[in-house]
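Trainee: My file is work-v8.txt. It has compact mmCIF, C-alpha atoms:
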# COMPACT_ATOMS: atom_id res chain seq x y z
CA MET J 235 25.98 -12.81 -99.63
CA ARG J 236 27.33 -11.45 -96.32
CA ASP J 237 25.36 -11.46 -93.06
CA ILE J 238 25.40 -8.51 -90.65
CA ASP J 239 23.70 -8.91 -87.29
CA ALA J 240 21.16 -6.22 -86.40
CA LYS J 241 22.69 -6.00 -82.93
CA THR J 242 26.00 -4.92 -84.47
CA ILE J 243 24.21 -2.13 -86.31
CA THR J 244 22.51 -1.01 -83.09
CA GLN J 245 25.80 -0.96 -81.19
CA THR J 246 27.57 0.97 -83.94
CA VAL J 247 24.82 3.58 -84.29
CA SER J 248 24.81 4.09 -80.52
CA ARG J 249 28.59 4.56 -80.47
CA LEU J 250 28.55 6.97 -83.41
CA PHE J 251 25.87 9.22 -81.93
CA GLN J 252 27.75 9.38 -78.65
CA GLU J 253 31.00 10.25 -80.42
CA ALA J 254 29.25 12.85 -82.57
CA ASN J 255 27.69 14.59 -79.58
CA PHE J 256 30.95 14.60 -77.62
CA THR J 257 33.63 15.38 -80.21
CA LEU J 258 34.10 17.56 -83.28
CA SER J 259 35.96 15.99 -86.17
CA ASP J 260 39.47 17.15 -87.05
CA ASP J 261 38.36 19.01 -90.19
CA VAL J 262 35.86 21.11 -88.23
CA LEU J 263 38.41 21.91 -85.54
CA SER J 264 41.00 22.88 -88.17
CA ALA J 265 38.49 25.15 -89.90
CA LEU J 266 37.62 26.85 -86.61
CA LYS J 267 41.30 27.39 -85.77
CA GLN J 268 41.86 28.93 -89.20
CA ALA J 269 38.79 31.11 -88.68
CA LEU J 270 40.28 32.37 -85.41
CA GLN J 271 43.35 33.54 -87.33
CA ASP J 272 41.30 35.13 -90.11
CA GLU J 273 38.68 36.86 -87.97
CA GLU J 274 39.40 40.58 -87.48
CA SER J 275 36.57 41.40 -85.09
CA PRO J 276 37.58 41.22 -81.39
CA ALA J 277 34.08 40.02 -80.48
CA GLY J 278 34.20 37.43 -83.24
CA ARG J 279 37.59 36.17 -82.10
CA LYS J 280 36.32 35.86 -78.55
CA VAL J 281 33.36 33.79 -79.74
CA ILE J 282 35.54 31.41 -81.76
CA THR J 283 37.93 31.05 -78.81
CA SER J 284 34.97 30.07 -76.62
CA ILE J 285 33.75 27.58 -79.26
CA LEU J 286 37.15 25.89 -79.33
CA GLU J 287 37.35 25.83 -75.54
CA ASN J 288 33.87 24.32 -75.38
CA ALA J 289 34.89 21.60 -77.86
CA SER J 290 37.95 20.74 -75.79
CA ILE J 291 35.93 20.45 -72.57
CA ALA J 292 33.18 18.39 -74.21
CA SER J 293 35.65 15.88 -75.62
CA LYS J 294 37.69 15.63 -72.43
CA ASP J 295 34.79 15.37 -69.97
CA ARG J 296 32.41 13.45 -72.28
CA ILE J 297 29.62 15.99 -72.10
CA PRO J 298 27.51 17.21 -75.05
CA LEU J 299 29.00 19.88 -77.29
CA CYS J 300 25.59 21.58 -77.34
CA GLN J 301 22.48 21.32 -75.20
CA ASP J 302 20.55 20.62 -78.41
CA CYS J 303 21.58 17.04 -79.18
CA GLY J 304 19.58 17.24 -82.36
CA THR J 305 17.31 15.26 -84.58
CA ALA J 306 18.97 11.91 -85.25
CA VAL J 307 19.69 11.90 -88.99
CA VAL J 308 21.26 8.72 -90.41
CA PHE J 309 22.62 8.12 -93.91
CA LEU J 310 23.00 4.46 -94.90
CA GLU J 311 24.85 3.07 -97.90
CA LEU J 312 23.69 -0.53 -97.96
CA GLY J 313 25.63 -2.99 -100.09
CA GLN J 314 23.29 -5.04 -102.26
CA ASP J 315 25.09 -8.24 -101.23
CA ILE J 316 24.31 -7.78 -97.53
CA HIS J 317 21.72 -9.70 -95.56
CA ILE J 318 20.59 -8.21 -92.24
CA VAL J 319 19.96 -10.99 -89.70
CA GLY J 320 18.42 -10.92 -86.25
CA GLY J 321 16.09 -7.99 -86.97
CA ASP J 322 15.29 -5.34 -89.54
CA LEU J 323 17.59 -2.50 -90.55
CA HIS J 324 15.55 0.55 -89.54
CA THR J 325 14.54 -0.94 -86.19
CA ALA J 326 18.21 -1.65 -85.48
CA VAL J 327 19.11 1.98 -86.28
CA ASN J 328 16.36 3.37 -84.04
CA ASP J 329 17.40 1.03 -81.24
CA GLY J 330 20.91 2.48 -81.52
CA VAL J 331 19.60 6.05 -81.32
CA ARG J 332 17.49 5.16 -78.30
CA GLN J 333 20.43 3.51 -76.58
CA ALA J 334 22.79 6.44 -77.18
CA TYR J 335 20.39 9.13 -76.00
CA GLU J 336 19.35 7.21 -72.89
CA GLU J 337 22.81 5.98 -71.83
CA SER J 338 24.52 9.36 -72.26
CA TYR J 339 21.59 11.44 -70.97
CA PHE J 340 21.41 13.46 -74.18
CA ARG J 341 18.48 15.83 -74.51
CA LYS J 342 15.53 14.17 -76.20
CA SER J 343 14.01 16.63 -78.66
CA ILE J 344 11.53 14.70 -80.81
CA VAL J 345 7.77 15.18 -80.41
CA GLN J 346 5.18 12.71 -81.69
CA ARG J 347 2.43 14.98 -83.03
CA PRO J 348 4.11 18.00 -84.60
CA PHE J 349 1.03 20.22 -84.99
CA SER J 350 -1.02 19.39 -81.89
CA ALA J 351 -0.09 17.77 -78.57
CA ARG J 352 3.69 17.73 -79.30
CA THR J 353 4.28 14.97 -76.76
CA ASN J 354 7.96 14.06 -76.46
CA THR J 355 8.73 10.52 -77.64
CA GLY J 356 11.14 10.23 -74.70
CA ASP J 357 14.06 8.61 -76.53
CA ASN J 358 14.80 10.89 -79.53
CA THR J 359 13.33 8.41 -82.00
CA PRO J 360 12.27 7.98 -84.70
CA ALA J 361 15.43 8.81 -86.59
CA ILE J 362 15.40 10.38 -90.06
CA ILE J 363 16.91 7.57 -92.14
CA HIS J 364 18.12 7.93 -95.74
CA THR J 365 18.99 4.55 -97.30
CA GLU J 366 20.85 4.10 -100.58
CA ILE J 367 21.46 0.68 -102.15
CA VAL J 368 25.01 0.42 -103.52
CA PRO J 369 27.17 -2.37 -104.99
CA GLY J 370 29.18 -4.58 -102.63
CA GLU J 371 28.87 -6.21 -99.24
CA LYS J 372 29.54 -3.36 -96.83
CA LEU J 373 27.28 -1.09 -94.83
CA LYS J 374 28.38 2.52 -94.43
CA MET J 375 26.65 4.56 -91.74
CA ILE J 376 26.93 8.31 -91.24
CA VAL J 377 25.13 9.87 -88.28
CA MET J 378 24.30 13.55 -87.97
CA PRO J 379 22.71 15.01 -84.83
CA LYS J 380 21.09 18.03 -86.51
CA GLY J 381 20.31 20.99 -84.24
CA GLY J 382 16.93 22.67 -84.51
CA GLY J 383 18.16 26.25 -84.72
CA ALA J 384 20.17 25.62 -87.88
CA GLU J 385 17.62 23.25 -89.42
CA ASN J 386 14.87 25.85 -88.99
CA MET J 387 16.76 28.13 -91.36
CA SER J 388 16.47 25.68 -94.29
CA ARG J 389 15.14 27.20 -97.50
CA LEU J 390 13.85 25.95 -100.87
CA ALA J 391 13.42 27.92 -104.09
CA MET J 392 11.95 26.60 -107.32
CA LEU J 393 13.75 28.91 -109.73
CA THR J 394 13.32 29.06 -113.48
CA PRO J 395 16.26 28.11 -115.73
CA ALA J 396 16.44 31.70 -116.99
CA GLN J 397 17.25 32.94 -113.47
CA GLY J 398 20.46 30.93 -113.52
CA ARG J 399 23.68 31.28 -111.54
CA GLN J 400 23.21 34.86 -110.35
CA GLU J 401 19.78 34.17 -108.87
CA ILE J 402 21.17 31.09 -107.12
CA ILE J 403 23.81 33.28 -105.48
CA GLU J 404 21.24 35.90 -104.47
CA PHE J 405 18.94 33.24 -103.00
CA VAL J 406 21.69 31.60 -100.94
CA VAL J 407 23.16 34.85 -99.67
CA ASN J 408 19.73 36.27 -98.82
CA SER J 409 18.87 33.07 -96.94
CA VAL J 410 21.95 33.50 -94.75
CA ASP J 411 21.28 37.21 -94.31
CA VAL J 412 17.70 36.61 -93.16
CA ALA J 413 18.84 33.80 -90.84
CA GLY J 414 21.28 36.13 -89.07
CA SER J 415 22.49 34.66 -85.79
CA ASN J 416 19.71 32.05 -85.54
CA PRO J 417 21.70 29.12 -86.98
CA CYS J 418 24.68 29.83 -84.67
CA PRO J 419 27.45 30.90 -87.07
CA PRO J 420 30.16 30.39 -88.18
CA LEU J 421 28.26 28.08 -90.48
CA ILE J 422 28.84 25.33 -92.95
CA ILE J 423 26.29 25.94 -95.70
CA GLY J 424 25.00 23.07 -97.78
CA VAL J 425 23.49 24.00 -101.15
CA GLY J 426 21.58 21.58 -103.36
CA ILE J 427 20.95 22.41 -107.01
CA GLY J 428 18.87 20.33 -109.41
CA GLY J 429 16.64 17.29 -109.25
CA THR J 430 13.18 17.91 -107.80
CA ALA J 431 12.02 19.73 -104.68
CA GLU J 432 12.65 16.79 -102.34
CA LYS J 433 15.86 15.73 -104.11
CA THR J 434 17.50 19.13 -103.92
CA MET J 435 16.69 19.41 -100.20
CA LEU J 436 18.44 16.08 -99.65
CA LEU J 437 21.40 17.21 -101.76
CA ALA J 438 21.83 20.28 -99.55
CA LYS J 439 21.96 18.14 -96.41
CA GLN J 440 24.30 15.59 -97.98
CA ALA J 441 26.63 18.43 -98.95
CA LEU J 442 27.23 19.04 -95.24
CA LEU J 443 28.87 15.61 -94.92
CA ARG J 444 31.90 16.60 -97.01
CA ARG J 445 35.08 17.49 -95.15
CA VAL J 446 34.91 21.18 -94.27
CA GLY J 447 36.32 23.34 -97.04
CA GLU J 448 37.07 20.44 -99.38
CA PRO J 449 36.13 21.81 -102.80
CA ASN J 450 33.70 20.13 -105.15
CA PRO J 451 35.72 18.13 -107.71
CA ASP J 452 33.84 19.84 -110.54
CA ALA J 453 35.63 23.09 -111.43
CA GLU J 454 32.46 25.05 -112.26
CA THR J 455 30.76 24.01 -109.03
CA SER J 456 33.91 24.72 -107.02
CA ALA J 457 34.02 28.25 -108.46
CA LEU J 458 30.41 28.76 -107.38
CA GLU J 459 31.30 27.63 -103.85
CA LYS J 460 34.10 30.20 -103.67
CA ASP J 461 31.87 33.02 -104.90
CA LEU J 462 29.14 32.09 -102.42
CA LEU J 463 31.54 31.92 -99.47
CA LYS J 464 33.00 35.33 -100.29
CA LYS J 465 29.60 36.97 -100.58
CA VAL J 466 28.27 35.30 -97.42
CA ASN J 467 31.27 36.45 -95.41
CA ASN J 468 30.87 39.96 -96.78
CA LEU J 469 27.51 40.14 -94.99
CA GLY J 470 29.35 40.93 -91.76
CA ILE J 471 27.12 38.78 -89.54
CA GLY J 472 30.17 37.13 -87.97
CA PRO J 473 30.49 34.46 -85.28
CA MET J 474 27.20 34.07 -83.37
CA GLY J 475 25.98 37.28 -84.99
CA TYR J 476 28.40 39.59 -83.15
CA GLY J 477 29.85 40.94 -86.39
CA GLY J 478 32.96 40.00 -88.29
CA ARG J 479 34.28 38.50 -91.49
CA ILE J 480 33.70 34.80 -90.67
CA THR J 481 29.98 34.13 -91.03
CA ALA J 482 30.67 30.77 -92.72
CA LEU J 483 33.56 28.34 -92.60
CA ALA J 484 32.59 26.82 -95.95
CA VAL J 485 29.91 26.54 -98.61
CA HIS J 486 29.44 23.07 -100.09
CA VAL J 487 27.39 22.67 -103.27
CA LYS J 488 26.01 19.35 -104.50
CA THR J 489 24.23 19.13 -107.87
CA PHE J 490 21.98 16.74 -109.79
CA PRO J 491 20.49 16.88 -113.30
CA ALA J 492 17.20 18.77 -113.54
CA HIS J 493 14.12 18.98 -115.76
CA ILE J 494 14.37 21.40 -118.69
CA ALA J 495 11.70 23.60 -117.08
CA GLY J 496 13.14 23.74 -113.57
CA LEU J 497 16.02 24.91 -111.40
CA PRO J 498 15.38 23.78 -107.80
CA VAL J 499 17.77 25.22 -105.19
CA ALA J 500 17.93 24.37 -101.49
CA VAL J 501 19.92 25.70 -98.55
CA ASN J 502 20.64 23.68 -95.42
CA MET J 503 22.72 25.37 -92.76
CA GLN J 504 24.91 23.63 -90.20
CA CYS J 505 25.89 25.50 -87.06
CA HIS J 506 29.50 25.72 -85.86
CA CYS J 507 28.78 22.55 -83.87
CA ALA J 508 29.09 20.48 -87.06
CA ARG J 509 28.59 16.98 -85.74
CA HIS J 510 28.76 13.85 -87.87
CA HIS J 511 30.62 10.56 -87.54
CA GLU J 512 30.74 7.48 -89.72
CA ALA J 513 31.62 3.79 -89.71
CA ILE J 514 31.75 0.95 -92.20
CA LEU J 515 30.70 -2.59 -91.32
Would you mind writing the structure in this file as structure tokens?
Mentor:
Amino acid sequence: MRDIDAKTITQTVSRLFQEANFTLSDDVLSALKQALQDEESPAGRKVITSILENASIASKDRIPLCQDCGTAVVFLELGQDIHIVGGDLHTAVNDGVRQAYEESYFRKSIVQRPFSARTNTGDNTPAIIHTEIVPGEKLKMIVMPKGGGAENMSRLAMLTPAQGRQEIIEFVVNSVDVAGSNPCPPLIIGVGIGGTAEKTMLLAKQALLRRVGEPNPDAETSALEKDLLKKVNNLGIGPMGYGGRITALAVHVKTFPAHIAGLPVAVNMQCHCARHHEAIL
């Protein structure tokens, strides 16, 4: 059994959220640079150039990539041979979120009562925490500041098995078409297929954590990703909705077995400001 101090978790979460809000990862930057070469629309190219310039300034001057510093989403892979000492796990995570957003003056976007007073909690907590127990004695943490504009475009469909692959494609493409410029393209599109309603929504969000453009290792799923990306980019929405061929940088599909009577499908869109960082303790 290995001990991990809650204070170490707090410090790490704080650091990760600051890094995520200041810097885009190399895979995202590479995808954007490739998109600049592939985009044929002058307006689209200008948008992508501005996105890359913004990323450079944010990293250099340590200022947020976007004014929307997001809902604090945290994915934890907790080794079953770990013992958290000096506090509890979720409190430690929320303390890290609070510290990051207060120290770096990030915008606090979370309201306490979502359907009435909507009073701001003042520190961007509570975080959305997904915890998975895994073998071993390590703790992996992935943080994702998820912007509201992209998250608002999430969609869920409870399809029937008979509707199959073609209806999945139509649902995903229509979801992007209806969203238009709202999720701030060029996008990374996470698609969950299978499980139950809540499971497939989680799958779609987890799919966003894969390196941009890295294909699913399953050949059939990878082929679906390619077909979806082609059809999405044929919509012509383009960067920030100004028109063009690059509406999405990538489509990532994550699947899970499903009930014989169901075919749940979820879409979770990530804006061009695709922020997530990770650490292992």
Trainee: Which residue, J:Val377, J:Ala500, J:Leu286, J:Leu436, has the smallest gap to Val308 in chain J when you use only C-alpha atoms?
Mentor: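 With only C-alpha atoms as the atom set, the closest residue is J:Val377.
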Trainee: Of the candidates J:Leu323, J:Ala289, J:Leu515, J:Ala508, which one gets nearest to Ala240 in chain J if we count only C-alpha atoms?
Mentor: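 Among J:Leu323, J:Ala289, J:Leu515, J:Ala508, it is J:Leu323 that comes nearest to Ala240 in chain J.
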Trainee: Counting all atoms listed in the file, which residues have an atom no more than 9 Å from (38.3, 34.7, -84.3) in the file's coordinates? Please list them as a PDB file with C-alpha atoms, in the coordinates of the input.
Mentor:
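The new file out.pdb reads:
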ATOM      1  CA  LEU J 266      37.620  26.850 -86.610  1.00  0.00           C
ATOM      2  CA  LYS J 267      41.300  27.390 -85.770  1.00  0.00           C
ATOM      3  CA  GLN J 268      41.860  28.930 -89.200  1.00  0.00           C
ATOM      4  CA  ALA J 269      38.790  31.110 -88.680  1.00  0.00           C
ATOM      5  CA  LEU J 270      40.280  32.370 -85.410  1.00  0.00           C
ATOM      6  CA  GLN J 271      43.350  33.540 -87.330  1.00  0.00           C
ATOM      7  CA  ASP J 272      41.300  35.130 -90.110  1.00  0.00           C
ATOM      8  CA  GLU J 273      38.680  36.860 -87.970  1.00  0.00           C
ATOM      9  CA  GLU J 274      39.400  40.580 -87.480  1.00  0.00           C
ATOM     10  CA  SER J 275      36.570  41.400 -85.090  1.00  0.00           C
ATOM     11  CA  PRO J 276      37.580  41.220 -81.390  1.00  0.00           C
ATOM     12  CA  ALA J 277      34.080  40.020 -80.480  1.00  0.00           C
ATOM     13  CA  GLY J 278      34.200  37.430 -83.240  1.00  0.00           C
ATOM     14  CA  ARG J 279      37.590  36.170 -82.100  1.00  0.00           C
ATOM     15  CA  LYS J 280      36.320  35.860 -78.550  1.00  0.00           C
ATOM     16  CA  VAL J 281      33.360  33.790 -79.740  1.00  0.00           C
ATOM     17  CA  ILE J 282      35.540  31.410 -81.760  1.00  0.00           C
ATOM     18  CA  THR J 283      37.930  31.050 -78.810  1.00  0.00           C
ATOM     19  CA  PRO J 473      30.490  34.460 -85.280  1.00  0.00           C
ATOM     20  CA  GLY J 478      32.960  40.000 -88.290  1.00  0.00           C
ATOM     21  CA  ILE J 480      33.700  34.800 -90.670  1.00  0.00           C
TER      22      ILE J 480
END
Trainee: Rank J:Ser456, J:Leu462, J:His506, J:Arg347 by their smallest atom-to-atom distance to Ala384 in chain J, using all atoms listed in the file, and report the top residue only.
Mentor: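 With all atoms listed in the file as the atom set, the closest residue is J:His506.
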Trainee: For CA of Gly370 in chain J and CA of Ile514 in chain J, determine how far apart the two atoms are, in Å to one decimal place.
Mentor: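 Interatomic distance here is 12.1 Å.
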Trainee: One number please: CA of Pro360 in chain J to CA of Thr244 in chain J, in Å, one decimal.
Mentor: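 Those two atoms sit 13.7 Å apart.
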Trainee: Please compute the CA of Glu512 in chain J-CA of Thr434 in chain J distance, one decimal, in Å.
Mentor: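 Distance between the two atoms: 22.6 Å.
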Trainee: Counting only C-alpha atoms, select every polymer residue within 12 Å of (31.6, 20.8, -94.2) as defined in the file's coordinates, and provide the selection as JSON, numbers by chain.
Mentor: {"J": [258, 259, 260, 261, 262, 263, 264, 265, 266, 420, 421, 422, 423, 424, 425, 438, 439, 440, 441, 442, 443, 444, 445, 446, 447, 448, 449, 450, 459, 482, 483, 484, 485, 486, 487, 488, 502, 503, 504, 505, 506, 507, 508, 509, 510]}
Trainee: Nearest to Ala431 in chain J: which of J:Ala457, J:Ala396, J:Val466, J:Leu497 is it, counting all atoms listed in the file?
Mentor: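 Among the listed residues, the smallest separation from Ala431 in chain J belongs to J:Leu497.
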Trainee: Here is a test: counting all atoms listed in the file, which residue of J:Thr430, J:Ala351, J:Cys303, J:Val327 is nearest to Leu393 in chain J?
Mentor: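 Counting all atoms listed in the file, the residue closest to Leu393 in chain J is J:Thr430.
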Trainee: Of the candidates J:Val499, J:Ile243, J:Met435, J:Leu463, which one gets nearest to Gln397 in chain J if we count all atoms listed in the file?
Mentor: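 Under the stated criterion, the closest residue is J:Val499.
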Trainee: Would you mind listing what lies within 10 Å of Lys372 in chain J as a ChimeraX atom specification, with only C-alpha atoms counted and same-chain residues fewer than 5 positions away left out?
Mentor: /J:236-238,311-316,514-515
Trainee: Write out as a list in words each polymer residue whose atoms come within 9 Å of Ser338 in chain J, counting all atoms listed in the file; drop sequence neighbours fewer than 5 positions from it.
Mentor: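 Listed by chain and then number, they are Gln252, Arg296, Ile297, Pro298 and Gln333 of chain J.
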Trainee: Include C-alpha atoms and write out the residues we just selected as a short mmCIF file (atom, residue, chain, number, x, y, z; two decimals), in the frame of the given file.
Mentor:
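Once written, again.cif looks like this:
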data_model
loop_
_atom_site.label_atom_id
_atom_site.label_comp_id
_atom_site.auth_asym_id
_atom_site.auth_seq_id
_atom_site.Cartn_x
_atom_site.Cartn_y
_atom_site.Cartn_z
CA GLN J 252 27.75 9.38 -78.65
CA ARG J 296 32.41 13.45 -72.28
CA ILE J 297 29.62 15.99 -72.10
CA PRO J 298 27.51 17.21 -75.05
CA GLN J 333 20.43 3.51 -76.58
#
Trainee: With all atoms listed in the file as the counted atoms, please give the residues lying no more than 10 Å from Asp302 in chain J, apart from itself and same-chain residues fewer than 4 positions off, as an MDAnalysis selection string.
Mentor: chainID J and resid 255 298 340:343 379:383
Trainee: So that I can check the surroundings of Ala334 in chain J, please list as a PyMOL selection string every protein, DNA and RNA residue that reaches within 7 Å of it, counting only C-alpha atoms and ignoring chain neighbours fewer than 6 positions away.
Mentor: chain J and resi 248-249+251-252
Trainee: How about completing range 269-280 of chain J with N, CA and C atoms and giving it to me as a compact mmCIF listing (two decimals), in the frame of the given file?
Mentor:
# COMPACT_ATOMS: atom_id res chain seq x y z
N ALA J 269 39.71 29.97 -88.79
CA ALA J 269 38.79 31.11 -88.68
C ALA J 269 39.24 32.07 -87.58
N LEU J 270 39.78 31.53 -86.51
CA LEU J 270 40.28 32.37 -85.41
C LEU J 270 41.42 33.26 -85.91
N GLN J 271 42.26 32.74 -86.78
CA GLN J 271 43.35 33.54 -87.33
C GLN J 271 42.84 34.60 -88.31
N ASP J 272 41.79 34.23 -89.06
CA ASP J 272 41.30 35.13 -90.11
C ASP J 272 40.33 36.19 -89.61
N GLU J 273 39.67 35.92 -88.49
CA GLU J 273 38.68 36.86 -87.97
C GLU J 273 39.34 38.13 -87.45
N GLU J 274 38.84 39.29 -87.88
CA GLU J 274 39.40 40.58 -87.48
C GLU J 274 38.64 41.22 -86.33
N SER J 275 37.39 40.81 -86.14
CA SER J 275 36.57 41.40 -85.09
C SER J 275 36.97 40.84 -83.72
N PRO J 276 37.25 41.71 -82.74
CA PRO J 276 37.58 41.22 -81.39
C PRO J 276 36.45 40.37 -80.79
N ALA J 277 35.21 40.80 -81.00
CA ALA J 277 34.08 40.02 -80.48
C ALA J 277 34.00 38.67 -81.18
N GLY J 278 34.22 38.68 -82.48
CA GLY J 278 34.20 37.43 -83.24
C GLY J 278 35.29 36.47 -82.80
N ARG J 279 36.47 37.00 -82.56
CA ARG J 279 37.59 36.17 -82.10
C ARG J 279 37.29 35.57 -80.73
N LYS J 280 36.67 36.36 -79.88
CA LYS J 280 36.32 35.86 -78.55
C LYS J 280 35.32 34.71 -78.64
